[in-house]
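A.B. asks: For reference, the file input_13.pdb (PDB, C-alpha atoms) is included below:
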```pdb
ATOM      1  CA  MET U 248      -9.897 -36.307 -33.277
ATOM      2  CA  ALA U 249      -9.890 -34.588 -36.659
ATOM      3  CA  ALA U 250      -6.703 -32.817 -37.714
ATOM      4  CA  ASN U 251      -6.765 -29.035 -37.567
ATOM      5  CA  VAL U 252      -5.964 -27.941 -41.139
ATOM      6  CA  ASN U 253      -5.584 -24.337 -40.018
ATOM      7  CA  ASN U 254      -2.567 -25.197 -37.938
ATOM      8  CA  PRO U 255       0.573 -25.895 -40.022
ATOM      9  CA  THR U 256       2.235 -27.607 -37.091
ATOM     10  CA  CYS U 257      -0.580 -30.066 -36.420
ATOM     11  CA  GLN U 258       0.234 -33.752 -36.361
ATOM     12  CA  THR U 259      -1.167 -35.880 -39.193
ATOM     13  CA  SER U 260      -1.195 -39.615 -39.709
ATOM     14  CA  SER U 261       1.040 -39.354 -42.772
ATOM     15  CA  ILE U 262       3.247 -36.721 -44.342
ATOM     16  CA  ILE U 263       1.866 -37.805 -47.734
ATOM     17  CA  ASN U 264      -1.629 -36.701 -48.730
ATOM     18  CA  GLU U 265      -3.700 -39.882 -48.701
ATOM     19  CA  ASN U 266      -5.632 -38.882 -51.841
ATOM     20  CA  TYR U 267      -2.416 -38.644 -53.870
ATOM     21  CA  LYS U 268      -0.306 -41.353 -52.268
ATOM     22  CA  LYS U 269      -0.690 -43.674 -55.271
ATOM     23  CA  TYR U 270       0.607 -41.050 -57.702
ATOM     24  CA  ILE U 271       3.448 -39.939 -55.462
ATOM     25  CA  TYR U 272       4.695 -43.507 -55.026
ATOM     26  CA  GLU U 273       4.299 -44.012 -58.767
ATOM     27  CA  GLY U 274       6.500 -41.004 -59.447
ATOM     28  CA  LEU U 275       9.223 -42.044 -57.017
ATOM     29  CA  SER U 276       9.127 -45.641 -58.273
ATOM     30  CA  THR U 277       9.380 -44.441 -61.858
ATOM     31  CA  ALA U 278      12.481 -42.407 -61.056
ATOM     32  CA  THR U 279      14.087 -45.446 -59.431
ATOM     33  CA  LEU U 280      13.234 -47.742 -62.344
ATOM     34  CA  SER U 281      14.559 -45.171 -64.805
ATOM     35  CA  ALA U 282      17.921 -45.211 -63.054
ATOM     36  CA  ILE U 283      17.969 -49.019 -62.950
ATOM     37  CA  SER U 284      17.160 -49.214 -66.674
ATOM     38  CA  LEU U 285      20.561 -47.680 -67.447
ATOM     39  CA  LEU U 286      22.212 -50.864 -66.156
ATOM     40  CA  PHE U 287      20.622 -53.083 -68.818
ATOM     41  CA  PRO U 288      22.341 -53.695 -72.203
ATOM     42  CA  PHE U 289      19.411 -52.430 -74.277
ATOM     43  CA  GLU U 290      19.926 -49.036 -75.878
ATOM     44  CA  ALA U 291      16.221 -48.434 -76.468
ATOM     45  CA  LEU U 292      15.511 -49.025 -72.773
ATOM     46  CA  LYS U 293      18.435 -46.822 -71.812
ATOM     47  CA  ILE U 294      17.088 -44.014 -74.008
ATOM     48  CA  VAL U 295      13.718 -44.184 -72.261
ATOM     49  CA  GLY U 296      15.425 -44.161 -68.857
ATOM     50  CA  THR U 297      17.779 -41.332 -69.817
ATOM     51  CA  THR U 298      14.915 -39.211 -71.121
ATOM     52  CA  MET U 299      12.887 -39.763 -67.973
ATOM     53  CA  LEU U 300      15.792 -38.968 -65.645
ATOM     54  CA  ALA U 301      16.569 -35.789 -67.586
ATOM     55  CA  GLY U 302      12.937 -34.681 -67.550
ATOM     56  CA  MET U 303      12.364 -35.498 -63.901
ATOM     57  CA  GLY U 304      15.715 -33.969 -62.965
ATOM     58  CA  TYR U 305      14.707 -30.740 -64.640
ATOM     59  CA  GLY U 306      11.353 -30.829 -62.852
ATOM     60  CA  ILE U 307      12.978 -31.304 -59.461
ATOM     61  CA  VAL U 308      15.522 -28.494 -59.905
ATOM     62  CA  SER U 309      12.932 -26.081 -61.297
ATOM     63  CA  ASN U 310      10.485 -26.838 -58.499
ATOM     64  CA  LEU U 311      13.247 -26.560 -55.913
ATOM     65  CA  VAL U 312      13.914 -22.964 -56.936
ATOM     66  CA  SER U 313      10.194 -22.189 -56.804
ATOM     67  CA  SER U 314       9.598 -23.960 -53.488
ATOM     68  CA  ILE U 315      12.475 -22.111 -51.841
ATOM     69  CA  ARG U 316      11.190 -18.736 -52.971
ATOM     70  CA  CYS U 317       7.468 -19.365 -52.543
ATOM     71  CA  PRO U 318       6.537 -22.482 -50.537
ATOM     72  CA  GLU U 319       2.933 -21.259 -50.370
ATOM     73  CA  TYR U 320       2.606 -21.944 -54.121
ATOM     74  CA  PHE U 321       2.857 -25.708 -53.671
ATOM     75  CA  THR U 322      -0.704 -26.564 -52.794
ATOM     76  CA  ILE U 323      -3.046 -28.758 -54.815
ATOM     77  CA  ASP U 324      -4.175 -26.754 -57.889
ATOM     78  CA  HIS U 325      -1.847 -23.985 -56.654
ATOM     79  CA  LYS U 326      -4.587 -22.366 -54.601
ATOM     80  CA  TYR U 327      -3.477 -20.095 -51.788
ATOM     81  CA  HIS U 328      -3.881 -21.649 -48.332
ATOM     82  CA  GLY U 329      -1.182 -19.797 -46.445
ATOM     83  CA  LYS U 330       1.055 -22.285 -44.686
ATOM     84  CA  GLU U 331      -1.642 -24.879 -44.075
ATOM     85  CA  LEU U 332      -0.344 -28.408 -44.594
ATOM     86  CA  GLN U 333      -3.555 -30.274 -45.358
ATOM     87  CA  PRO U 334      -4.179 -29.141 -48.990
ATOM     88  CA  ARG U 335      -0.736 -30.241 -50.216
ATOM     89  CA  LEU U 336       0.694 -33.315 -51.918
ATOM     90  CA  VAL U 337       3.074 -33.634 -48.993
ATOM     91  CA  ARG U 338       2.182 -32.107 -45.659
ATOM     92  CA  SER U 339       5.437 -30.254 -45.307
ATOM     93  CA  LEU U 340       6.975 -26.899 -46.224
ATOM     94  CA  ASN U 341      10.387 -28.498 -46.778
ATOM     95  CA  PRO U 342      11.585 -27.181 -50.192
ATOM     96  CA  LEU U 343      13.578 -30.281 -51.149
ATOM     97  CA  LEU U 344      10.789 -32.694 -50.263
ATOM     98  CA  ASN U 345       8.244 -30.681 -52.231
ATOM     99  CA  ALA U 346      10.627 -30.347 -55.189
ATOM    100  CA  VAL U 347      11.270 -34.101 -55.380
ATOM    101  CA  VAL U 348       7.574 -34.995 -55.178
ATOM    102  CA  TRP U 349       6.266 -32.270 -57.480
ATOM    103  CA  GLY U 350       9.173 -32.589 -59.928
ATOM    104  CA  SER U 351       8.757 -36.351 -60.252
ATOM    105  CA  LEU U 352       4.987 -36.370 -60.342
ATOM    106  CA  THR U 353       4.481 -33.655 -62.943
ATOM    107  CA  THR U 354       7.096 -34.881 -65.433
ATOM    108  CA  MET U 355       7.105 -38.686 -65.249
ATOM    109  CA  ARG U 356       4.373 -39.436 -67.794
ATOM    110  CA  VAL U 357       5.334 -36.896 -70.412
ATOM    111  CA  SER U 358       8.994 -37.946 -69.986
ATOM    112  CA  PHE U 359       8.029 -41.587 -70.513
ATOM    113  CA  LEU U 360       6.129 -40.737 -73.698
ATOM    114  CA  ALA U 361       9.001 -38.596 -74.947
ATOM    115  CA  GLY U 362      11.525 -41.316 -74.089
ATOM    116  CA  THR U 363       9.518 -43.955 -75.946
ATOM    117  CA  PHE U 364       9.267 -41.677 -78.981
ATOM    118  CA  PHE U 365      13.010 -40.914 -78.986
ATOM    119  CA  ALA U 366      13.854 -44.605 -78.537
ATOM    120  CA  LEU U 367      11.780 -45.532 -81.577
ATOM    121  CA  LEU U 368      13.126 -42.638 -83.627
ATOM    122  CA  SER U 369      16.728 -43.425 -82.668
ATOM    123  CA  ARG U 370      16.844 -47.220 -82.911
ATOM    124  CA  ILE U 371      14.189 -48.695 -85.213
ATOM    125  CA  PRO U 372      15.489 -49.282 -88.772
ATOM    126  CA  PHE U 373      14.008 -46.966 -91.373
ATOM    127  CA  ALA U 374      14.699 -46.681 -95.062
ATOM    128  CA  LYS U 375      17.889 -44.647 -95.585
ATOM    129  CA  LEU U 376      18.250 -44.231 -91.815
ATOM    130  CA  ALA U 377      20.721 -46.986 -91.033
ATOM    131  CA  ILE U 378      22.737 -45.178 -88.345
ATOM    132  CA  LYS U 379      21.507 -45.691 -84.796
ATOM    133  CA  ILE U 380      21.731 -43.192 -81.943
ATOM    134  CA  SER U 381      22.892 -44.250 -78.474
ATOM    135  CA  ALA U 382      21.529 -43.254 -75.093
ATOM    136  CA  ALA U 383      24.861 -41.613 -74.228
ATOM    137  CA  GLN U 384      24.630 -39.331 -77.262
ATOM    138  CA  LEU U 385      21.094 -38.320 -76.418
ATOM    139  CA  GLY U 386      21.919 -37.944 -72.724
ATOM    140  CA  PHE U 387      24.370 -35.137 -73.488
ATOM    141  CA  CYS U 388      21.718 -33.408 -75.594
ATOM    142  CA  PHE U 389      19.006 -33.797 -72.941
ATOM    143  CA  GLY U 390      21.323 -32.460 -70.251
ATOM    144  CA  ALA U 391      22.088 -29.376 -72.321
ATOM    145  CA  ILE U 392      18.381 -28.752 -72.972
ATOM    146  CA  ALA U 393      17.574 -29.085 -69.259
ATOM    147  CA  VAL U 394      20.307 -26.606 -68.294
ATOM    148  CA  VAL U 395      19.138 -24.086 -70.902
ATOM    149  CA  ALA U 396      15.518 -24.514 -69.745
ATOM    150  CA  ILE U 397      16.459 -23.896 -66.111
ATOM    151  CA  LEU U 398      18.549 -20.809 -66.882
ATOM    152  CA  TYR U 399      16.054 -19.341 -69.341
ATOM    153  CA  SER U 400      13.069 -19.931 -67.067
ATOM    154  CA  GLN U 401      14.925 -18.342 -64.161
ATOM    155  CA  ILE U 402      15.689 -15.233 -66.202
ATOM    156  CA  LYS U 403      12.096 -14.968 -67.413
ATOM    157  CA  SER U 404      10.770 -15.558 -63.898
ATOM    158  CA  LYS U 405      12.990 -12.876 -62.383
ATOM    159  CA  HIS U 406      12.009 -10.404 -65.087
ATOM    160  CA  ALA U 407       8.297 -11.126 -64.596
ATOM    161  CA  GLN U 408       8.575 -10.656 -60.830
ATOM    162  CA  ASN U 409      10.418  -7.356 -61.154
ATOM    163  CA  GLU U 410       7.953  -6.124 -63.748
ATOM    164  CA  MET U 411       4.976  -6.935 -61.528
ATOM    165  CA  LYS U 412       6.599  -5.322 -58.490
ATOM    166  CA  ASP U 413       7.219  -2.139 -60.489
ATOM    167  CA  GLU U 414       3.624  -2.085 -61.725
ATOM    168  CA  MET U 415       2.259  -2.634 -58.220
ATOM    169  CA  THR U 416       4.180   0.332 -56.848
ATOM    170  CA  LYS U 417       2.045   2.448 -59.161
ATOM    171  CA  LYS U 418      -1.254   0.623 -58.661
ATOM    172  CA  PRO U 419      -1.616  -2.470 -56.443
ATOM    173  CA  TYR U 420      -3.812  -5.115 -58.035
ATOM    174  CA  ILE U 421      -4.728  -8.789 -57.708
ATOM    175  CA  ALA U 422      -3.599 -10.978 -60.606
ATOM    176  CA  TYR U 423      -4.092 -14.247 -58.698
ATOM    177  CA  GLU U 424      -7.313 -14.688 -56.762
ATOM    178  CA  ASP U 425      -7.024 -14.925 -52.960
ATOM    179  CA  VAL U 426      -3.218 -14.550 -53.070
ATOM    180  CA  PRO U 427      -1.993 -11.759 -50.749
ATOM    181  CA  VAL U 428      -0.630  -8.659 -52.437
ATOM    182  CA  ASP U 429       2.872  -9.221 -51.072
ATOM    183  CA  LEU U 430       2.981 -12.694 -52.669
ATOM    184  CA  GLN U 431       1.534 -11.773 -56.054
ATOM    185  CA  HIS U 432       4.941 -11.280 -57.697
ATOM    186  CA  LYS U 433       6.247 -14.567 -56.311
ATOM    187  CA  TRP U 434       3.197 -16.398 -57.638
ATOM    188  CA  GLU U 435       3.840 -14.788 -61.008
ATOM    189  CA  GLY U 436       7.457 -15.920 -60.849
ATOM    190  CA  CYS U 437       6.469 -19.551 -60.233
ATOM    191  CA  TYR U 438       3.928 -19.487 -63.048
ATOM    192  CA  VAL U 439       6.326 -17.914 -65.549
ATOM    193  CA  ARG U 440       9.142 -20.280 -64.540
ATOM    194  CA  ASN U 441       6.977 -23.308 -65.292
ATOM    195  CA  LYS U 442       5.588 -21.922 -68.545
ATOM    196  CA  SER U 443       8.877 -20.673 -70.004
ATOM    197  CA  GLY U 444      10.776 -23.804 -68.971
ATOM    198  CA  ASN U 445       8.191 -26.028 -70.639
ATOM    199  CA  ASN U 446       8.421 -23.946 -73.815
ATOM    200  CA  VAL U 447      12.176 -24.546 -73.952
ATOM    201  CA  LEU U 448      11.660 -28.277 -73.430
ATOM    202  CA  ARG U 449       9.154 -28.429 -76.291
ATOM    203  CA  LEU U 450      11.474 -26.561 -78.634
ATOM    204  CA  GLY U 451      14.411 -28.681 -77.510
ATOM    205  CA  SER U 452      12.471 -31.884 -78.152
ATOM    206  CA  LEU U 453      11.560 -30.711 -81.654
ATOM    207  CA  LEU U 454      15.171 -29.804 -82.482
ATOM    208  CA  THR U 455      16.374 -33.106 -81.011
ATOM    209  CA  SER U 456      13.950 -35.045 -83.218
ATOM    210  CA  ILE U 457      15.186 -33.199 -86.293
ATOM    211  CA  GLY U 458      18.783 -33.790 -85.215
ATOM    212  CA  ILE U 459      18.202 -37.533 -84.748
ATOM    213  CA  ILE U 460      16.818 -37.854 -88.271
ATOM    214  CA  ALA U 461      19.700 -35.797 -89.689
ATOM    215  CA  VAL U 462      22.315 -37.941 -87.928
ATOM    216  CA  ARG U 463      20.678 -41.215 -88.900
ATOM    217  CA  ALA U 464      20.485 -40.050 -92.526
ATOM    218  CA  GLY U 465      24.181 -39.138 -92.468
ATOM    219  CA  ILE U 466      23.525 -35.434 -93.008
ATOM    220  CA  ILE U 467      25.195 -34.639 -89.674
ATOM    221  CA  ILE U 468      28.202 -36.644 -88.542
ATOM    222  CA  LEU U 469      28.855 -37.004 -84.801
TER     223      LEU U 469
END
```
Would you mind writing the file out in structure tokens?

C.D. replies:
Amino acid sequence: MAANVNNPTCQTSSIINENYKKYIYEGLSTATLSAISLLFPFEALKIVGTTMLAGMGYGIVSNLVSSIRCPEYFTIDHKYHGKELQPRLVRSLNPLLNAVVWGSLTTMRVSFLAGTFFALLSRIPFAKLAIKISAAQLGFCFGAIAVVAILYSQIKSKHAQNEMKDEMTKKPYIAYEDVPVDLQHKWEGCYVRNKSGNNVLRLGSLLTSIGIIAVRAGIIIL
């Protein structure tokens, strides 16, 4: 018998959406391997692992806040489906489960690319850049960037929600198609949280790259 997608309590063969199982397992496996990489005596590998754990950690925390406040947002392509379970990466409304899956899945590849870039920039010998940067040094920097991104995105999200709620008291409108009026401000909050957090991460990555070059050139002494 086919599952009833209109019933959020219906029983399904798997809590994981079959169409995305490969990517979900890839994300969870990547997080595990990133943690294991810190045990090996290779600084370049540790830098990649540290970068990935910081990026995925940020993604999980950010998505946890969003999934607690608006679980309806976490459908595939962020289309509104009420509390239906079928059109989701995981067929559950559990905030922590959604945060872990979404946070890992959406950050793993960009974190890997960033980690590889930072490893090369920090460890490979360049002319007049003899000093090498360790994973521990970068880990502190990445942690600080993640904390700033979470706090900043939360402030921006809260402001955007309040602003939309104030505007809608004057004239109700639909900013997000098919999303109920009473959820419009929450949808806006999730969108702004993601966008503003990513902007901080980009800026932080740029400043980190500049800082790595400055330290390796001896301009800044740690």

A.B. asks: Is it possible to get the residues within 12 Å of (-2.4, -15.7, -67.3) (coordinates as in the file, counting all atoms listed in the file) written as a VMD selection string?

C.D. replies: chain U and resid 407 422 to 424 434 to 439 442

A.B. asks: Name the residues in contact with Leu300 of chain U at a cut-off of 12 Å, using only C-alpha atoms, excluding same-chain residues fewer than 3 positions from it; report them as number ranges by chain.

C.D. replies: U: 274-285, 293-297, 303-308, 350-351, 354-359, 361-362, 382, 386, 389-390, 393

A.B. asks: Distance atom CA of Lys417 of chain U-atom CA of Val312 of chain U, one decimal place?

C.D. replies: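 It comes out at 28.1 Å.
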
A.B. asks: Run the PyMOL selection byres ((chain U and resi 425) around 12) against the file shown and list the residues it catches, as JSON, numbers by chain.

C.D. replies: {"U": [320, 325, 326, 327, 328, 329, 420, 421, 422, 423, 424, 426, 427, 428, 429, 430, 431, 434]}

A.B. asks: Where's the centre, and what are the edge lengths in Å to one decimal, of a box along x, y and z enclosing all listed atoms of segment 270-279 of chain U padded 5 Å per side, as JSON?

C.D. replies:
```
{"center_x": 7.3, "center_y": -42.8, "center_z": -58.4, "size_x": 23.5, "size_y": 15.7, "size_z": 16.8}
```

A.B. asks: Rank U:Ile397, U:Ile271, U:Glu265, U:Gly302 by their smallest atom-to-atom distance to Ser452 of chain U, using all atoms listed in the file, and report the top residue only.

C.D. replies: U:Gly302

A.B. asks: Decode the PyMOL selection byres ((chain U and resi 398) around 12) for the given file into explicit residues and return them as a PyMOL selection string.

C.D. replies: chain U and resi 305+308-309+312+391-397+399-405+440-441+443-444+447

A.B. asks: As an exercise, work out the distance from atom CA of Val337 of chain U to atom CA of Ile262 of chain U in Å and give it to one decimal place.

C.D. replies: 5.6 Å

A.B. asks: In terms of the shortest atom-to-atom distance over all atoms listed in the file, which of U:Lys379, U:Glu331, U:Phe289, U:Asn341 is closest to Ser313 of chain U?

C.D. replies: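 Under the stated criterion, the closest residue is U:Asn341.
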
A.B. asks: Let me know the residues the PyMOL selection byres ((chain U and resi 365-377) around 9) catches in the file above, as a list in words.

C.D. replies: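 For this structure, the PyMOL selection byres ((chain U and resi 365-377) around 9) captures Glu290, Ala291, Leu292, Lys293, Ile294, Val295, Thr298, Leu360, Ala361, Gly362, Thr363, Phe364, Ile378, Lys379, Ile380, Ser381, Ala382, Leu385, Thr455, Ser456, Ile459, Ile460, Ala461, Val462, Arg463, Ala464 and Gly465 of chain U.
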
A.B. asks: Just give me the gap between atom CA of Tyr267 of chain U and atom CA of Lys330 of chain U in Å, one decimal is fine.

C.D. replies: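 Taking atom CA of Tyr267 of chain U and atom CA of Lys330 of chain U, their separation equals 19.1 Å.
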
A.B. asks: Point out the residue among U:Cys317, U:Ile468, U:Leu344, U:Ala301 with the least atom-to-atom distance to His432 of chain U, counting only C-alpha atoms.

C.D. replies: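 That would be U:Cys317, the residue with the smallest distance to His432 of chain U.
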
A.B. asks: Show me that you can extract segment 405-439 of chain U, keeping C-alpha atoms, and write it as a short mmCIF file (atom, residue, chain, number, x, y, z; two decimals), in the first residue's frame.

C.D. replies:
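What ended up in selection.cif:
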```cif
data_model
loop_
_atom_site.label_atom_id
_atom_site.label_comp_id
_atom_site.auth_asym_id
_atom_site.auth_seq_id
_atom_site.Cartn_x
_atom_site.Cartn_y
_atom_site.Cartn_z
CA LYS U 405 15.42 38.40 14.42
CA HIS U 406 15.46 41.90 12.96
CA ALA U 407 14.10 40.68 9.62
CA GLN U 408 11.28 38.77 11.32
CA ASN U 409 10.26 41.73 13.46
CA GLU U 410 10.39 44.05 10.47
CA MET U 411 8.15 41.77 8.41
CA LYS U 412 5.69 41.33 11.28
CA ASP U 413 5.44 45.11 11.67
CA GLU U 414 4.87 45.57 7.94
CA MET U 415 2.21 42.86 7.87
CA THR U 416 0.23 44.53 10.63
CA LYS U 417 -0.24 47.40 8.20
CA LYS U 418 -0.80 45.35 5.05
CA PRO U 419 -0.65 41.53 4.99
CA TYR U 420 1.18 40.22 1.95
CA ILE U 421 2.78 37.05 0.60
CA ALA U 422 6.56 37.22 0.20
CA TYR U 423 6.98 33.43 -0.12
CA GLU U 424 4.62 31.60 -2.44
CA ASP U 425 2.21 29.11 -0.84
CA VAL U 426 3.55 29.83 2.67
CA PRO U 427 0.73 30.72 5.12
CA VAL U 428 0.60 34.32 6.28
CA ASP U 429 1.35 33.37 9.89
CA LEU U 430 4.58 31.64 8.81
CA GLN U 431 5.84 34.29 6.42
CA HIS U 432 8.03 36.01 9.03
CA LYS U 433 9.53 32.71 10.16
CA TRP U 434 10.36 31.79 6.57
CA GLU U 435 12.02 35.18 6.21
CA GLY U 436 13.99 34.54 9.39
CA CYS U 437 15.34 31.22 8.08
CA TYR U 438 16.28 32.75 4.74
CA VAL U 439 18.04 35.75 6.30
#
```
